[in-house]
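Enquirer: Please read through the structure below; I'll follow up with questions.
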Amino acid sequence: MSERLRHTPYKNLDMSEDTSQMVFDTPRFANTVPFFRFQRFGGHSDARTDSDHKLVVVMVGLPARGKSYIVKKLKRYLSWLGFQTKIFNVGDRRRLAGPIDDYDEGSENASVLRRKQNTGLENNTNDRRECSDCNGKTEIEKDESTTDQQPVESCNKCATHHSSTFFDPNNKKAKQIREQVAMDVFEDLLRWLQAGGQIAIHDATNSTIERRNALINRLKTESDVNLLFVESICTDKDIINRNIKLKTQSPDYVGIDPEVAEADFRARLRNYERAYKSIGTAEEKFEVQYCKIIDVGKKVIAYNIQGFLESQVVFYLMNMNLEPRVIYITRHGESEDNLAGRIGGDTSLAPRGTRYAAALARFIDRRRSEFTSEVEAQNRKLAHFMAGNSSSGNSSELESVASHESSASSTAQYPSESPAMQRHVQPDFEIWTSMLKRTMETAEDFDPECYRIKNIRSLNEIYAGKFEGMTYEEIARDYPEEYEARQLDKFFYRYPGIGGESYADVVLRLQQVIVELERIRHSVLIVTHRAMARTLLSYFMDIPTTHMPEMDLPLEYVYACEPRPFGNFLRVWRYSHQIDDFEEIDPTLVLKIRYPKVLIPGQAASTLLPSPAETTYSSKH
């Protein structure tokens, strides 16, 4: 390979050459991690930037307040931006701690507990984990996008279920265990950061001043590690009620009658409420950074936010909402350049593309009406559920909890069928296209009186620089070294020539688009291009960015992502020219990663492999 095709980092200005001129060195490969690390300018000898600092995000709030929802959503966004991000869940570790009677008081408390936890974490084979108390096997769920493994079930053969009494603030023995588990997880978190991680999230209640002070004091010994508290508060008793129902399906209540589980969880909530203190002056004296999210973003309080990473987190969290909506993503209809196999360009639709555009408008009209009916059905289902809960004698208890949180001001969890489901108002619908003719022509059949159509430059196809208008065969023939370099690393490879882009550049370009999609409260159809569709779907379906350029997304497919409390629900439709309409297909057979055999231009690609995404697919399949 040519020397100029090496993965060249951004120019380091700590050098002896003259730096009187401002230096802006554009690399052939955008291979910095995170890939929006700042460019360096002349006169600076410090090779570090604000984004080099590491960040610990510590969650705060009562149970069933959406902390885990926020955590998973935040992790997905930060990973998509290129940060090495990991969640450290204290509840998962606590469930491995074993029965309270096995905890020995005294100077060896920490070592005894840590040994039991390590037994549960390390003794696993064939995707099954041994229980630390009875050596029984517990199924686990694997996240293919990382090496993490999260427990799905607790062991039913031993007393590892912690009842509400375990969370009684007056239960000194249980309190020791809970505090030690939280600190052990925090130590694991710090070790991971020291090993190269960038953003670590401590997912726990952390609802006492004592616990938060311990975390603050521990972090004082770490250099270049910043701390951000994110507190979640909810004053809506309906949301709390629904979340409690979801909590009865958690690993703590496997094999337990739902009514018994709900009663126990409500008792746990009362115990937490007795000791709960919202973030405030006690933390402010340490000059810590914190953010409070109240009632799903209706109110946001930010204090002392100074760092770059912290500002990215807070800005993202300020734009969340739970309104029922669908994000539809499709490529434009077939264009003249598609027929010729040429990349880039700005040609019009071919006749086949025109037919697709007309069918797409009819399909979205129909889906818009169907989704409104689905929301109304969820309204009725939710009303029935809430009526049953209000008659169960728990209403006054929830009012007490909500009142306590309202005075404390901290945030909450929220299922997908949120308060918005109770509004019987048909939402607005927008059509977003790029500024290129083939996408704008694909949207021409939509009635502008029924849809708001926007043309957005950020949705333009990845720019291929001097290769614009060429076929891949021509690139392989005329520029074999460039072709080889792109095959080696499609995500960071940047097309040569003025304005040439990489997929990493595209992520930066779409960052504000993603934030806007999280902010808006109605459905959107995005008519865009292959690279843009890959990038957007990799965000919504949590597909690693390094796999993004290999996603196989042909023309004439519509991908529908519906936000849900535990991720995004995916449905896929394919246009059929025989029936001139769309037919729903199995998403598991569509969202694939194609890993080509590189270095040999023209050689056939390897077989399609399933996407590593944690994807929720349509229940119809």
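Residue numbers start at 1 in each chain; chains themselves are named A, B, ... in the order of the structure tokens; ligands are numbered from 1 in the order shown.
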Compile a residue-level contact table for region 547-578 of chain A against region 331-337 of chain A at a cut-off of 12 Å, reporting for every qualifying residue the shortest atom pair and its distance in Å to one decimal, with only C-alpha atoms counted, rows ordered by chain and ascending number, as a Markdown table.
Expert:
| residue | atom | partner | partner_atom | distance |
| --- | --- | --- | --- | --- |
| A:Leu553 | CA | A:Arg331 | CA | 8.5 |
| A:Pro554 | CA | A:Arg331 | CA | 8.0 |
| A:Leu555 | CA | A:Arg331 | CA | 5.9 |
| A:Glu556 | CA | A:Gly333 | CA | 6.6 |
| A:Tyr557 | CA | A:Arg331 | CA | 7.3 |
| A:Val558 | CA | A:Arg331 | CA | 7.8 |
| A:Tyr559 | CA | A:Arg331 | CA | 9.7 |
| A:Arg574 | CA | A:Arg331 | CA | 11.7 |
| A:Tyr575 | CA | A:Gly333 | CA | 10.6 |
Enquirer: I need the residues of region 198-245 of chain A that end up classed as strand (DSSP E) by DSSP on the backbone, written out as a list of chain:residue names.
Expert: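 Everything in region 198-245 of chain A that counts as strand (DSSP E) is A:Ile199, A:Ala200, A:Ile201, A:His202, A:Asp203, A:Val225, A:Asn226, A:Leu227, A:Leu228, A:Phe229, A:Val230, A:Glu231, A:Ser232, A:Ile233.
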Enquirer: With all heavy atoms retained, export the selected residues as a CSV table (one decimal), in the first residue's frame.
Expert:
chain,number,residue,atom,x,y,z
A,199,ILE,N,-16.5,7.2,28.7
A,199,ILE,CA,-17.7,7.6,29.5
A,199,ILE,C,-18.3,6.4,30.2
A,199,ILE,O,-18.7,5.4,29.5
A,199,ILE,CB,-18.7,8.3,28.6
A,199,ILE,CG1,-18.1,9.5,27.8
A,199,ILE,CG2,-19.9,8.7,29.4
A,199,ILE,CD1,-19.1,10.2,26.9
A,200,ALA,N,-18.3,6.4,31.5
A,200,ALA,CA,-18.9,5.3,32.3
A,200,ALA,C,-20.1,5.8,33.0
A,200,ALA,O,-20.1,7.0,33.5
A,200,ALA,CB,-17.9,4.8,33.2
A,201,ILE,N,-21.2,5.0,33.0
A,201,ILE,CA,-22.4,5.4,33.6
A,201,ILE,C,-22.7,4.5,34.8
A,201,ILE,O,-22.8,3.3,34.7
A,201,ILE,CB,-23.6,5.3,32.6
A,201,ILE,CG1,-23.2,6.2,31.4
A,201,ILE,CG2,-24.9,5.8,33.2
A,201,ILE,CD1,-24.2,6.1,30.2
A,202,HIS,N,-22.9,5.1,36.0
A,202,HIS,CA,-23.2,4.4,37.2
A,202,HIS,C,-24.7,4.4,37.4
A,202,HIS,O,-25.3,5.4,37.8
A,202,HIS,CB,-22.5,5.1,38.4
A,202,HIS,CG,-22.5,4.3,39.7
A,202,HIS,ND1,-23.3,4.6,40.7
A,202,HIS,CD2,-21.7,3.2,40.0
A,202,HIS,CE1,-23.0,3.7,41.7
A,202,HIS,NE2,-22.1,2.9,41.3
A,203,ASP,N,-25.3,3.2,37.0
A,203,ASP,CA,-26.8,3.1,37.0
A,203,ASP,C,-27.3,2.6,38.3
A,203,ASP,O,-27.2,1.4,38.6
A,203,ASP,CB,-27.2,2.2,35.8
A,203,ASP,CG,-28.7,2.1,35.7
A,203,ASP,OD1,-29.4,2.9,36.3
A,203,ASP,OD2,-29.2,1.3,34.9
A,225,VAL,N,-10.8,12.8,35.3
A,225,VAL,CA,-12.1,12.2,35.3
A,225,VAL,C,-13.1,13.1,35.9
A,225,VAL,O,-13.0,13.5,37.1
A,225,VAL,CB,-12.1,10.9,36.1
A,225,VAL,CG1,-13.5,10.2,36.1
A,225,VAL,CG2,-11.0,9.9,35.5
A,226,ASN,N,-14.0,13.6,35.1
A,226,ASN,CA,-15.1,14.5,35.6
A,226,ASN,C,-16.3,13.7,36.0
A,226,ASN,O,-16.5,12.6,35.6
A,226,ASN,CB,-15.4,15.5,34.5
A,226,ASN,CG,-14.3,16.4,34.1
A,226,ASN,OD1,-13.3,16.6,34.9
A,226,ASN,ND2,-14.3,16.9,32.9
A,227,LEU,N,-17.1,14.4,36.8
A,227,LEU,CA,-18.3,13.8,37.4
A,227,LEU,C,-19.5,14.6,37.0
A,227,LEU,O,-19.5,15.8,37.1
A,227,LEU,CB,-18.2,13.7,38.9
A,227,LEU,CG,-19.4,13.2,39.7
A,227,LEU,CD1,-19.7,11.8,39.4
A,227,LEU,CD2,-19.1,13.4,41.2
A,228,LEU,N,-20.6,13.9,36.6
A,228,LEU,CA,-21.9,14.5,36.3
A,228,LEU,C,-23.0,13.7,37.0
A,228,LEU,O,-23.1,12.5,36.6
A,228,LEU,CB,-22.1,14.6,34.8
A,228,LEU,CG,-23.5,15.1,34.4
A,228,LEU,CD1,-23.7,16.6,34.8
A,228,LEU,CD2,-23.6,15.0,32.8
A,229,PHE,N,-23.8,14.3,37.9
A,229,PHE,CA,-24.9,13.6,38.4
A,229,PHE,C,-26.1,14.0,37.5
A,229,PHE,O,-26.3,15.1,37.0
A,229,PHE,CB,-25.3,14.2,39.8
A,229,PHE,CG,-24.3,13.6,40.9
A,229,PHE,CD1,-23.4,14.5,41.5
A,229,PHE,CD2,-24.4,12.3,41.3
A,229,PHE,CE1,-22.6,14.0,42.5
A,229,PHE,CE2,-23.6,11.9,42.3
A,229,PHE,CZ,-22.6,12.7,42.9
A,230,VAL,N,-26.9,12.9,37.2
A,230,VAL,CA,-28.2,13.1,36.4
A,230,VAL,C,-29.3,12.6,37.3
A,230,VAL,O,-29.4,11.3,37.5
A,230,VAL,CB,-28.1,12.4,35.1
A,230,VAL,CG1,-29.5,12.5,34.4
A,230,VAL,CG2,-27.0,13.0,34.2
A,231,GLU,N,-30.2,13.4,37.7
A,231,GLU,CA,-31.3,13.0,38.6
A,231,GLU,C,-32.6,13.0,37.9
A,231,GLU,O,-32.9,14.0,37.1
A,231,GLU,CB,-31.4,13.9,39.8
A,231,GLU,CG,-32.4,13.5,40.8
A,231,GLU,CD,-32.4,14.3,42.1
A,231,GLU,OE1,-31.7,15.3,42.1
A,231,GLU,OE2,-33.1,13.9,43.0
A,232,SER,N,-33.4,12.0,38.1
A,232,SER,CA,-34.6,11.8,37.4
A,232,SER,C,-35.8,11.9,38.4
A,232,SER,O,-35.8,11.1,39.3
A,232,SER,CB,-34.7,10.5,36.6
A,232,SER,OG,-35.9,10.3,36.0
A,233,ILE,N,-36.7,12.8,38.1
A,233,ILE,CA,-37.9,13.0,39.1
A,233,ILE,C,-39.2,12.9,38.3
A,233,ILE,O,-39.2,13.4,37.2
A,233,ILE,CB,-37.8,14.4,39.7
A,233,ILE,CG1,-36.5,14.5,40.6
A,233,ILE,CG2,-39.0,14.7,40.6
A,233,ILE,CD1,-36.3,15.9,41.2
Enquirer: Rank nothing, just name the residue among A:Ile514, A:Thr372, A:Ser523, A:Cys291 nearest to Tyr451 (chain A), using only C-alpha atoms.
Expert: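 With only C-alpha atoms as the atom set, the closest residue is A:Ser523.
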Enquirer: Of the candidates A:Pro63, A:Ser369, A:Leu193, A:Leu219, which shows the shortest atom-to-atom distance to Tyr276 (chain A), using only C-alpha atoms?
Expert: A:Pro63
Enquirer: So which residues touch Leu537 (chain A) within 10 Å, counting only C-alpha atoms, skipping near sequence neighbours fewer than 2 positions away, as a PDB file with C-alpha atoms, in the first residue's frame?
Expert:
ATOM      1  CA  ILE A 329     -36.564   6.053   6.775  1.00  0.00           C
ATOM      2  CA  MET A 532     -27.535   8.558   5.365  1.00  0.00           C
ATOM      3  CA  ALA A 533     -29.997   5.700   5.894  1.00  0.00           C
ATOM      4  CA  ARG A 534     -27.213   3.496   7.225  1.00  0.00           C
ATOM      5  CA  THR A 535     -26.085   6.190   9.643  1.00  0.00           C
ATOM      6  CA  TYR A 539     -28.310   5.165  15.743  1.00  0.00           C
ATOM      7  CA  PHE A 540     -31.913   4.067  16.195  1.00  0.00           C
ATOM      8  CA  MET A 541     -31.160   0.347  16.227  1.00  0.00           C
ATOM      9  CA  ASP A 542     -27.905   0.601  18.217  1.00  0.00           C
ATOM     10  CA  ILE A 543     -25.693  -0.874  15.503  1.00  0.00           C
ATOM     11  CA  MET A 548     -22.561   0.806   9.685  1.00  0.00           C
ATOM     12  CA  MET A 551     -25.404  -2.557   6.197  1.00  0.00           C
ATOM     13  CA  LEU A 553     -30.071  -1.315   2.537  1.00  0.00           C
ATOM     14  CA  TYR A 559     -37.831   1.199   7.752  1.00  0.00           C
ATOM     15  CA  ALA A 560     -40.112   2.348  10.584  1.00  0.00           C
ATOM     16  CA  CYS A 561     -38.565   3.014  14.012  1.00  0.00           C
ATOM     17  CA  LEU A 570     -38.600  -1.802  14.090  1.00  0.00           C
ATOM     18  CA  LEU A 591     -31.362  -5.510   8.640  1.00  0.00           C
TER      19      LEU A 591
END
Enquirer: In terms of the shortest atom-to-atom distance over only C-alpha atoms, which of A:Lys381, A:Lys237, A:Arg368, A:Arg93 is closest to Tyr328 (chain A)?
Expert: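 Using only C-alpha atoms, the shortest distance to Tyr328 (chain A) belongs to A:Arg368.
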Enquirer: Determine the nearest neighbour of Leu74 (chain A) from the options A:Trp573, A:Phe315, A:Phe582, A:Tyr463, counting only C-alpha atoms.
Expert: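 The shortest atom-to-atom distance to Leu74 (chain A) comes from A:Phe315.
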Enquirer: Check the smallest atom-to-atom distance from each of A:Leu96, A:Leu81, A:Ile462, A:Ile244 to Asp264 (chain A) using only C-alpha atoms, then report the winner.
Expert: A:Ile244
